[in-house]
>>> print(open('target.txt').read())   # compact mmCIF, C-alpha atoms (C1' of nucleotides)
# COMPACT_ATOMS: atom_id res chain seq x y z
CA MET A 1 2.36 1.41 2.98
CA LYS A 2 1.21 3.72 0.23
CA LEU A 3 -2.33 4.82 -0.34
CA SER A 4 -3.42 4.13 -3.92
CA THR A 5 -4.75 6.85 -6.19
CA LYS A 6 -8.24 5.61 -5.43
CA GLY A 7 -8.03 6.68 -1.82
CA ARG A 8 -6.24 9.92 -2.59
CA TYR A 9 -8.43 11.00 -5.48
CA GLY A 10 -11.49 9.88 -3.58
CA VAL A 11 -10.77 12.08 -0.59
CA THR A 12 -9.93 15.02 -2.81
CA ALA A 13 -13.10 14.63 -4.85
CA MET A 14 -15.27 14.26 -1.77
CA PHE A 15 -13.65 17.36 -0.31
CA ASP A 16 -14.59 19.16 -3.53
CA LEU A 17 -18.21 18.09 -3.01
CA ALA A 18 -18.05 19.19 0.62
CA VAL A 19 -16.82 22.68 -0.24
CA ARG A 20 -19.87 23.03 -2.51
CA TYR A 21 -22.31 21.28 -0.20
CA GLY A 22 -25.80 22.78 -0.56
CA GLN A 23 -25.18 24.21 -4.03
CA GLY A 24 -26.91 21.44 -6.00
CA PRO A 25 -25.35 18.59 -7.93
CA ILE A 26 -21.75 18.85 -9.10
CA SER A 27 -20.73 17.04 -12.26
CA ILE A 28 -17.77 14.74 -12.66
CA LYS A 29 -16.48 16.94 -15.42
CA GLU A 30 -16.29 19.95 -13.10
CA ILE A 31 -14.50 18.04 -10.37
CA SER A 32 -12.11 16.34 -12.75
CA GLU A 33 -11.09 19.69 -14.19
CA ARG A 34 -10.73 21.36 -10.81
CA GLN A 35 -8.81 18.51 -9.19
CA PHE A 36 -6.87 17.21 -12.20
CA ILE A 37 -8.35 13.73 -12.07
CA SER A 38 -9.22 11.83 -15.26
CA GLU A 39 -12.95 11.93 -15.95
CA PRO A 40 -13.65 8.24 -16.61
CA TYR A 41 -11.49 7.20 -13.68
CA LEU A 42 -13.33 9.51 -11.32
CA GLU A 43 -16.54 8.05 -12.71
CA GLN A 44 -15.40 4.66 -11.47
CA LEU A 45 -14.58 5.94 -8.02
CA PHE A 46 -17.92 7.69 -7.72
CA ALA A 47 -19.70 4.48 -8.71
CA SER A 48 -18.17 2.82 -5.65
CA LEU A 49 -18.90 5.75 -3.38
CA ARG A 50 -22.50 5.84 -4.55
CA LYS A 51 -23.01 2.12 -4.04
CA ALA A 52 -21.58 2.55 -0.57
CA GLY A 53 -24.12 5.28 0.09
CA LEU A 54 -21.70 8.16 0.68
CA ILE A 55 -22.95 10.20 -2.29
CA SER A 56 -26.19 10.44 -4.28
CA SER A 57 -26.41 10.98 -8.02
CA ILE A 58 -28.77 13.02 -10.14
CA ARG A 59 -28.85 11.75 -13.70
CA GLY A 60 -29.37 13.64 -16.94
CA ALA A 61 -28.36 17.10 -18.05
CA GLN A 62 -27.40 19.43 -15.18
CA GLY A 63 -27.06 16.31 -13.09
CA GLY A 64 -24.13 15.35 -10.92
CA TYR A 65 -23.37 14.23 -7.42
CA ILE A 66 -24.03 15.48 -3.90
CA LEU A 67 -22.90 14.22 -0.53
CA ALA A 68 -25.44 11.82 0.94
CA TYR A 69 -24.81 13.24 4.44
CA HIS A 70 -23.78 16.47 6.05
CA PRO A 71 -19.99 16.97 5.71
CA GLU A 72 -19.68 16.64 9.46
CA ASP A 73 -20.98 13.11 9.25
CA ILE A 74 -18.60 11.81 6.60
CA LYS A 75 -15.16 10.88 7.86
CA VAL A 76 -12.07 10.49 5.74
CA GLY A 77 -11.95 6.90 6.96
CA ASP A 78 -15.36 6.17 5.45
CA ILE A 79 -14.13 7.25 2.04
CA ILE A 80 -10.81 5.45 2.19
CA ARG A 81 -12.33 2.20 3.36
CA VAL A 82 -14.83 2.20 0.51
CA LEU A 83 -12.15 2.77 -2.10
CA GLU A 84 -9.22 0.83 -0.69
CA GLY A 85 -10.95 -1.89 1.26
CA PRO A 86 -10.48 -2.42 4.98
CA ILE A 87 -7.44 -0.62 6.31
CA ALA A 88 -5.01 -3.14 7.75
CA PRO A 89 -1.24 -3.27 7.33
CA THR A 90 -1.42 -7.08 7.10
CA ASP A 91 -4.21 -9.56 6.38
CA CYS A 92 -3.92 -11.12 9.82
CA VAL A 93 -5.34 -7.96 11.40
CA ASN A 94 -8.26 -7.58 9.04
CA GLU A 95 -11.60 -6.83 10.61
CA ASP A 96 -12.94 -10.20 9.55
CA ASP A 97 -10.74 -12.88 11.07
CA SER A 98 -10.47 -15.01 7.95
CA PHE A 99 -6.74 -14.57 7.53
CA LEU A 100 -5.67 -15.36 11.07
CA CYS A 101 -2.73 -17.68 11.29
CA GLU A 102 -2.68 -20.51 13.78
CA LYS A 103 -0.18 -18.83 16.07
CA SER A 104 -1.95 -15.47 16.24
CA ASN A 105 -2.54 -15.82 19.98
CA ILE A 106 1.17 -15.82 20.65
CA CYS A 107 2.37 -13.73 17.70
CA VAL A 108 4.16 -10.57 18.79
CA THR A 109 4.55 -9.16 15.31
CA ARG A 110 0.78 -9.33 14.94
CA ASP A 111 0.48 -7.13 18.03
CA ILE A 112 2.47 -4.49 16.19
CA TRP A 113 0.26 -4.66 13.12
CA LEU A 114 -2.77 -4.35 15.38
CA LYS A 115 -1.39 -1.21 17.00
CA LEU A 116 -0.55 0.17 13.59
CA ARG A 117 -3.99 -0.58 12.22
CA ASP A 118 -5.72 1.08 15.15
CA SER A 119 -3.52 4.12 15.01
CA ILE A 120 -4.19 4.58 11.30
CA ASN A 121 -7.91 4.16 11.74
CA ASP A 122 -7.94 6.60 14.65
CA VAL A 123 -6.44 9.29 12.46
CA ILE A 124 -8.69 8.85 9.46
CA ASP A 125 -11.85 8.39 11.49
CA GLU A 126 -11.35 11.53 13.49
CA ILE A 127 -11.27 13.88 10.50
CA SER A 128 -14.56 14.80 8.82
CA LEU A 129 -15.12 16.54 5.52
CA ALA A 130 -16.41 19.50 7.52
CA ASP A 131 -13.07 19.69 9.34
CA MET A 132 -11.30 19.76 6.00
CA VAL A 133 -13.51 22.57 4.73
CA ASP A 134 -12.91 24.55 7.93
CA ASN A 135 -9.17 24.14 7.62
CA TYR A 136 -9.28 25.07 3.99
CA GLU A 137 -11.11 28.30 4.71
CA LYS A 138 -8.76 29.16 7.54
CA LYS A 139 -5.82 28.69 5.19
CA LEU A 140 -7.42 30.86 2.55
CA ASN A 141 -7.98 33.63 5.12
CA ASN A 142 -4.43 33.43 6.37
CA LYS A 143 -3.15 33.65 2.85
CA ALA A 144 -5.35 36.66 2.07
CA TYR A 145 -4.02 38.35 5.18
CA MET A 146 -0.44 37.63 4.18
CA TYR A 147 -0.93 39.17 0.79
CA TYR A 148 -2.61 42.19 2.35
CA ILE A 149 0.53 42.91 4.32
CA MET B 1 -2.08 0.54 2.81
CA LYS B 2 -0.64 -2.93 3.09
CA LEU B 3 2.83 -3.75 4.25
CA SER B 4 4.66 -5.94 1.72
CA THR B 5 6.14 -9.29 2.62
CA LYS B 6 9.51 -7.62 2.84
CA GLY B 7 8.47 -5.58 5.84
CA ARG B 8 6.60 -8.41 7.48
CA TYR B 9 9.21 -11.09 6.93
CA GLY B 10 11.93 -8.65 7.84
CA VAL B 11 10.45 -7.85 11.24
CA THR B 12 9.77 -11.51 11.92
CA ALA B 13 13.30 -12.54 10.98
CA MET B 14 14.86 -9.76 13.04
CA PHE B 15 12.72 -10.78 15.98
CA ASP B 16 14.08 -14.30 15.52
CA LEU B 17 17.60 -12.90 15.74
CA ALA B 18 16.64 -10.86 18.80
CA VAL B 19 15.31 -13.87 20.68
CA ARG B 20 18.69 -15.55 20.12
CA TYR B 21 20.80 -12.45 20.68
CA GLY B 22 24.12 -13.38 22.28
CA GLN B 23 24.04 -17.00 21.09
CA GLY B 24 26.36 -16.59 18.12
CA PRO B 25 25.48 -16.36 14.45
CA ILE B 26 22.14 -17.71 13.24
CA SER B 27 21.94 -19.05 9.70
CA ILE B 28 19.34 -18.13 7.14
CA LYS B 29 18.40 -21.77 6.84
CA GLU B 30 17.49 -21.95 10.51
CA ILE B 31 15.40 -18.81 10.41
CA SER B 32 13.67 -19.72 7.18
CA GLU B 33 12.63 -23.07 8.63
CA ARG B 34 11.48 -21.59 11.91
CA GLN B 35 9.58 -18.71 10.38
CA PHE B 36 8.37 -20.34 7.16
CA ILE B 37 10.12 -17.86 4.89
CA SER B 38 11.77 -19.00 1.64
CA GLU B 39 15.52 -19.27 2.03
CA PRO B 40 16.69 -17.33 -1.06
CA TYR B 41 14.11 -14.62 -0.44
CA LEU B 42 15.25 -14.15 3.13
CA GLU B 43 18.78 -13.98 1.80
CA GLN B 44 17.74 -10.97 -0.25
CA LEU B 45 16.16 -9.22 2.71
CA PHE B 46 19.21 -9.84 4.88
CA ALA B 47 21.42 -8.37 2.18
CA SER B 48 19.51 -5.09 2.50
CA LEU B 49 19.51 -5.20 6.28
CA ARG B 50 23.23 -5.84 6.32
CA LYS B 51 23.98 -3.02 3.90
CA ALA B 52 21.88 -0.77 6.12
CA GLY B 53 23.99 -1.81 9.09
CA LEU B 54 21.26 -3.42 11.16
CA ILE B 55 22.86 -6.88 11.12
CA SER B 56 26.36 -8.27 10.70
CA SER B 57 27.23 -11.43 8.84
CA ILE B 58 29.75 -14.14 9.54
CA ARG B 59 30.63 -16.04 6.39
CA GLY B 60 31.57 -19.66 5.91
CA ALA B 61 30.45 -22.83 7.65
CA GLN B 62 28.78 -22.23 11.01
CA GLY B 63 28.33 -18.67 9.86
CA GLY B 64 25.18 -16.66 9.91
CA TYR B 65 23.85 -13.33 11.08
CA ILE B 66 23.71 -11.40 14.33
CA LEU B 67 22.09 -8.12 15.25
CA ALA B 68 24.51 -5.25 14.83
CA TYR B 69 23.10 -3.53 17.94
CA HIS B 70 21.48 -4.49 21.20
CA PRO B 71 17.79 -5.40 20.63
CA GLU B 72 16.80 -2.36 22.65
CA ASP B 73 18.43 -0.13 20.09
CA ILE B 74 16.74 -1.53 17.01
CA LYS B 75 13.23 -0.28 16.42
CA VAL B 76 10.66 -1.89 14.19
CA GLY B 77 10.63 1.31 12.20
CA ASP B 78 14.32 0.95 11.38
CA ILE B 79 13.68 -2.46 9.85
CA ILE B 80 10.58 -1.47 7.92
CA ARG B 81 12.15 1.64 6.48
CA VAL B 82 15.14 -0.31 5.20
CA LEU B 83 12.96 -2.89 3.48
CA GLU B 84 10.01 -0.82 2.32
CA GLY B 85 11.56 2.56 1.81
CA PRO B 86 10.43 5.69 3.64
CA ILE B 87 7.04 5.27 5.25
CA ALA B 88 4.62 7.81 3.79
CA PRO B 89 1.03 7.25 2.70
CA THR B 90 1.58 9.53 -0.30
CA ASP B 91 4.66 10.83 -2.09
CA CYS B 92 3.85 14.42 -1.21
CA VAL B 93 4.67 13.72 2.45
CA ASN B 94 7.94 11.94 1.83
CA GLU B 95 10.84 12.94 4.04
CA ASP B 96 12.62 14.43 1.07
CA ASP B 97 10.43 17.11 -0.43
CA SER B 98 10.96 16.10 -4.06
CA PHE B 99 7.35 15.16 -4.70
CA LEU B 100 5.71 18.28 -3.32
CA CYS B 101 2.99 19.68 -5.50
CA GLU B 102 2.71 23.38 -6.11
CA LYS B 103 -0.34 23.81 -3.90
CA SER B 104 1.06 21.96 -0.91
CA ASN B 105 0.94 25.07 1.24
CA ILE B 106 -2.81 25.22 0.98
CA CYS B 107 -3.61 21.53 0.50
CA VAL B 108 -5.84 20.15 3.24
CA THR B 109 -5.66 16.57 2.08
CA ARG B 110 -1.89 16.73 2.45
CA ASP B 111 -2.39 17.70 6.09
CA ILE B 112 -4.21 14.42 6.57
CA TRP B 113 -1.45 12.38 4.95
CA LEU B 114 1.06 14.19 7.18
CA LYS B 115 -0.87 13.25 10.31
CA LEU B 116 -1.16 9.71 9.07
CA ARG B 117 2.53 9.48 8.31
CA ASP B 118 3.52 10.75 11.72
CA SER B 119 1.12 8.49 13.52
CA ILE B 120 2.44 5.44 11.67
CA ASN B 121 6.03 6.38 12.33
CA ASP B 122 5.29 7.01 16.00
CA VAL B 123 3.98 3.49 16.39
CA ILE B 124 6.81 1.69 14.62
CA ASP B 125 9.54 3.81 16.14
CA GLU B 126 8.38 3.27 19.67
CA ILE B 127 8.65 -0.53 19.57
CA SER B 128 12.10 -2.11 19.87
CA LEU B 129 13.11 -5.69 19.26
CA ALA B 130 13.72 -5.96 23.00
CA ASP B 131 10.09 -4.98 23.62
CA MET B 132 8.99 -7.72 21.27
CA VAL B 133 11.12 -10.30 23.03
CA ASP B 134 9.75 -9.20 26.40
CA ASN B 135 6.18 -9.49 25.18
CA TYR B 136 6.91 -12.85 23.68
CA GLU B 137 8.27 -14.21 26.92
CA LYS B 138 5.34 -12.82 28.87
CA LYS B 139 2.96 -14.55 26.51
CA LEU B 140 4.83 -17.81 26.84
CA ASN B 141 4.63 -17.57 30.63
CA ASN B 142 0.93 -16.80 30.58
CA LYS B 143 0.33 -19.75 28.33
CA ALA B 144 2.35 -22.04 30.57
CA TYR B 145 0.32 -20.83 33.53
CA MET B 146 -2.93 -21.46 31.70
CA TYR B 147 -1.95 -25.00 30.87
CA TYR B 148 -0.89 -25.55 34.46
CA ILE B 149 -4.42 -24.80 35.63
C1' DC C 1 -39.76 16.77 -29.61
C1' DA C 2 -34.75 16.97 -30.43
C1' DT C 3 -30.54 17.70 -28.48
C1' DA C 4 -26.96 17.95 -25.40
C1' DA C 5 -25.37 16.95 -20.98
C1' DT C 6 -24.92 13.91 -17.94
C1' DT C 7 -24.74 9.33 -15.15
C1' DC C 8 -24.29 4.29 -15.56
C1' DC C 9 -22.13 -0.10 -16.89
C1' DG C 10 -19.02 -3.69 -18.28
C1' DA C 11 -14.97 -4.73 -20.40
C1' DG C 12 -10.25 -4.19 -21.95
C1' DT C 13 -5.34 -2.65 -21.55
C1' DT C 14 -0.74 -1.29 -20.21
C1' DA C 15 2.96 -0.58 -17.19
C1' DG C 16 4.79 -1.40 -13.02
C1' DT C 17 5.46 -4.04 -8.81
C1' DT C 18 5.74 -8.00 -5.83
C1' DA C 19 7.44 -12.03 -4.51
C1' DC C 20 9.82 -14.76 -5.60
C1' DT C 21 13.63 -18.39 -8.08
C1' DC C 22 18.18 -19.67 -9.88
C1' DG C 23 23.11 -20.46 -10.63
C1' DG C 24 27.26 -19.95 -9.16
C1' DA C 25 31.27 -17.50 -6.83
C1' DA C 26 33.63 -16.58 -2.37
C1' DT C 27 34.54 -17.77 2.36
C1' DT C 28 35.56 -20.52 6.33
C1' DA C 29 34.95 -24.17 10.19
C1' DA C 30 35.68 -28.91 10.87
C1' DT D 1 39.25 -31.34 1.37
C1' DT D 2 34.61 -30.95 2.11
C1' DA D 3 30.45 -29.10 3.48
C1' DA D 4 28.12 -25.25 5.10
C1' DT D 5 27.39 -20.99 4.60
C1' DT D 6 27.12 -15.95 2.83
C1' DC D 7 27.23 -13.05 -1.35
C1' DC D 8 25.80 -11.43 -5.91
C1' DG D 9 23.38 -10.46 -10.13
C1' DA D 10 19.94 -11.75 -13.01
C1' DG D 11 15.54 -13.55 -14.45
C1' DT D 12 10.49 -14.37 -14.21
C1' DA D 13 5.57 -15.18 -13.41
C1' DA D 14 1.57 -13.46 -11.42
C1' DC D 15 -0.68 -9.77 -9.74
C1' DT D 16 -2.28 -5.08 -9.25
C1' DA D 17 -2.88 -0.19 -10.18
C1' DA D 18 -4.34 3.05 -12.95
C1' DC D 19 -6.27 3.87 -16.14
C1' DT D 20 -9.21 3.90 -21.19
C1' DC D 21 -13.21 2.96 -24.15
C1' DG D 22 -17.79 2.41 -26.20
C1' DG D 23 -22.17 2.82 -25.70
C1' DA D 24 -26.73 2.61 -23.16
C1' DA D 25 -30.01 5.16 -20.13
C1' DT D 26 -31.76 9.42 -18.26
C1' DT D 27 -33.28 14.12 -18.09
C1' DA D 28 -33.18 19.44 -18.34
C1' DT D 29 -33.61 22.84 -21.81
C1' DG D 30 -34.72 25.29 -26.09
>>> encode(input="target.txt", output="structure tokens")
Amino acid sequence: MKLSTKGRYGVTAMFDLAVRYGQGPISIKEISERQFISEPYLEQLFASLRKAGLISSIRGAQGGYILAYHPEDIKVGDIIRVLEGPIAPTDCVNEDDSFLCEKSNICVTRDIWLKLRDSINDVIDEISLADMVDNYEKKLNNKAYMYYI
Amino acid sequence: MKLSTKGRYGVTAMFDLAVRYGQGPISIKEISERQFISEPYLEQLFASLRKAGLISSIRGAQGGYILAYHPEDIKVGDIIRVLEGPIAPTDCVNEDDSFLCEKSNICVTRDIWLKLRDSINDVIDEISLADMVDNYEKKLNNKAYMYYI
DNA sequence: CATAATTCCGAGTTAGTTACTCGGAATTAA
DNA sequence: TTAATTCCGAGTAACTAACTCGGAATTATG
């Protein structure tokens, strides 16, 4: 039940883009330095995110990436699902029903995995990049205030 | 974000014990045949569950395993945590704080993993083996009724 | 126009983990 | 005494995660 680095790095990198939303394209190099993620690995992740339509790229010098939508419209769940595949604690509760076993109609453990899946998806689909930015700024303010005292 | 076979098989096997709670020891062979889990592998899982105190063993011929507590008092979460380790989507939200990074106080992605962790634990800690048995019997009754019509 | 900064692409690699298997010792009911 | 069982430690094969690498294509800038 661990998230892989793909999901974690992906959310972090997308948050980095969200904080700088509206300031033109941000390069992988910048993000990788700021967030301590290896450059070529981040490149890979961004390839997936671009193909999925969550970010757009600008090639060439001074190029980089920007969010394809307003931060409010990108949920953490969107990012994680692109990078980790469909979120389901077991295959038998995947969105596509191709891994159903023959006793699924009577299977009580499956009911648990269903509940678990839904609860996970609820959490990650309720948080947008904009929410993250808001929280981040609130934390920064609180910290500034604490130092002031 | 997948559960391993340990967690899945473990819950299934414990459910099998719960259904037969009060009927004396159940052997690994029986369970493995009923639940389609390899015998020596299940043996391994039961070793962990026994060491964790969730089941008791009776050795020798006609021996087997029984739940160490009433099914009501064993939650799915207890089983999963024994077999999969502490449930946390990332190391930085582990129960023990040994994997905290230095910016955890200001990290907004960590807040998400915390929410996720709690939501997962809420689900698996609210369901007991007794609940599973109840649901199972309800399903059996419904099915019987359906066939009757 | 040349150069440097970038994205884009496909492939390769290494270390760790998962999901097992296996052999045999110890225990106990029949 | 035998057969059925748990108990234990070790071994292994396949898979996956988490990267790296080399170089081609694109484009702003001097």
>>> residues_around(input="target.txt", residues="region 20-28 of chain C", least_positions_apart="5", cutoff="6 Å", atoms="only C-alpha atoms (C1' of nucleotides)", output="PDB file with C-alpha atoms, in the frame of the given file")
ATOM      1  CA  ARG B  59      30.630 -16.040   6.390  1.00  0.00           C
ATOM      2  CA  GLY B  60      31.570 -19.660   5.910  1.00  0.00           C
ATOM      3  CA  ALA B  61      30.450 -22.830   7.650  1.00  0.00           C
TER       4      ALA B  61
END
>>> residues_near_point(input="target.txt", point="(-35.7, 22.4, -21.0)", cutoff="12 Å", atoms="only C-alpha atoms (C1' of nucleotides)", output="ChimeraX atom specification")
/A:60-62 /C:1-5 /D:27-30
>>> interface_residues(input="target.txt", of="chain A", to="chain C", cutoff="10 Å", atoms="only C-alpha atoms (C1' of nucleotides)", output="list in words")
Ser27, Ile28, Lys29, Glu43, Gln44, Ala47, Ser57, Ile58, Arg59, Gly60, Ala61, Gln62, Gly63, Gly64 and Tyr65 of chain A
>>> closest_residue(input="target.txt", among="A:Ile37, A:Ile87, A:Ala130, A:Leu100", to="chain B", atoms="only C-alpha atoms")
A:Ile87
>>> atom_distance(input="target.txt", atom1="CA of Ile31 (chain A)", atom2="CA of Lys2 (chain B)")
28.5 Å
